[in-house]
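A short write-up of the structure that comes next.
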Amino acid sequence: MFRYRITALVLPVMLLAFLPTLAASQWHMPLGDGLAFPFLTVLVVLICALRYPGLLPSPLVFCSGLACDLFTRSPLGYWTLVMLITLALARFAETFHEHHGRLVRAVSTVLLPAFITLIAWILASLYELSWQPVRTTIEGMLMALLLLIVPVLLLMGLETLLITKKQNDPSRTFRRSRY
């Protein structure tokens, strides 16, 4: 079980280490004003925290947010705070999902990125001490949602790989009883 946990942690760690460096390069995207890759990192935190509860440690999210702050030259602590709030929301949503049906879980999961966008916009406005244009924040999140398909496909591939490895593990074979 331990090696499956380590294997399942490798891809999220690699994604959370790689995406802030990807955000550092100035991509000329049509929308979002360069916010797409930091928001993509936030969404990977959300997906990993919802899909693999308890597997994503807070210090890793903190370091990823700090790297995002440093690489994107944003105010120090901005993306760190957004990512830690995202992790806390995902952990709250996990406990919330235990007590509700599928429809409520689906609606809350869809609304989480919108709520995170609102939180990011409020924090950006607080950092600048003036109202920031909400359009760029929304465009950044929308671009990140479009780009999210690549990390999701990687995580789905990892999940498929882990499930087939777990089923083919020789240590999981049962001893046949004599009776």
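Chain labels follow the order of the structure tokens: the first chain is A, the next B, and so on; residue numbering restarts at 1 in every chain, and ligands are counted from 1 in their shown order.
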Residues at most 10 Å from stretch 110-113 of chain A, counting only C-alpha atoms, excluding those fewer than 2 positions away in the same chain, as a list in words?
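Selected residues are Phe39, Val42, Leu43, Leu46, Thr86, Leu89, Ala90, Ala93, Val104, Arg105, Ala106, Val107, Ser108, Phe115, Ile116, Thr117, Leu118, Ile119, Met141, Leu142 and Leu145 of chain A.
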Give me, as a VMD selection string, all polymer residues having an atom no more than 10 Å from A:Pro133, counting only C-alpha atoms and skipping those fewer than 4 positions away in the same chain.
chain A and resid 121 124 to 125 137 to 138
When DSSP is applied to the backbone of this structure, which of chain A are assigned helix (DSSP H, G or I)? Write them out as a PyMOL selection string.
chain A and resi 2-24+36-51+58-72+78-97+102-128+134-147+149-167+170-172
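Within 8 Å of stretch 81-84 of chain A there are A:Val42, A:Val45, A:Ser58, A:Val61, A:Phe62, A:Gly65, A:Gly77, A:Tyr78, A:Leu87, A:Ala88, A:Ile116, A:Ile119, A:Ala120, counting only C-alpha atoms and ignoring same-chain residues fewer than 3 positions away.
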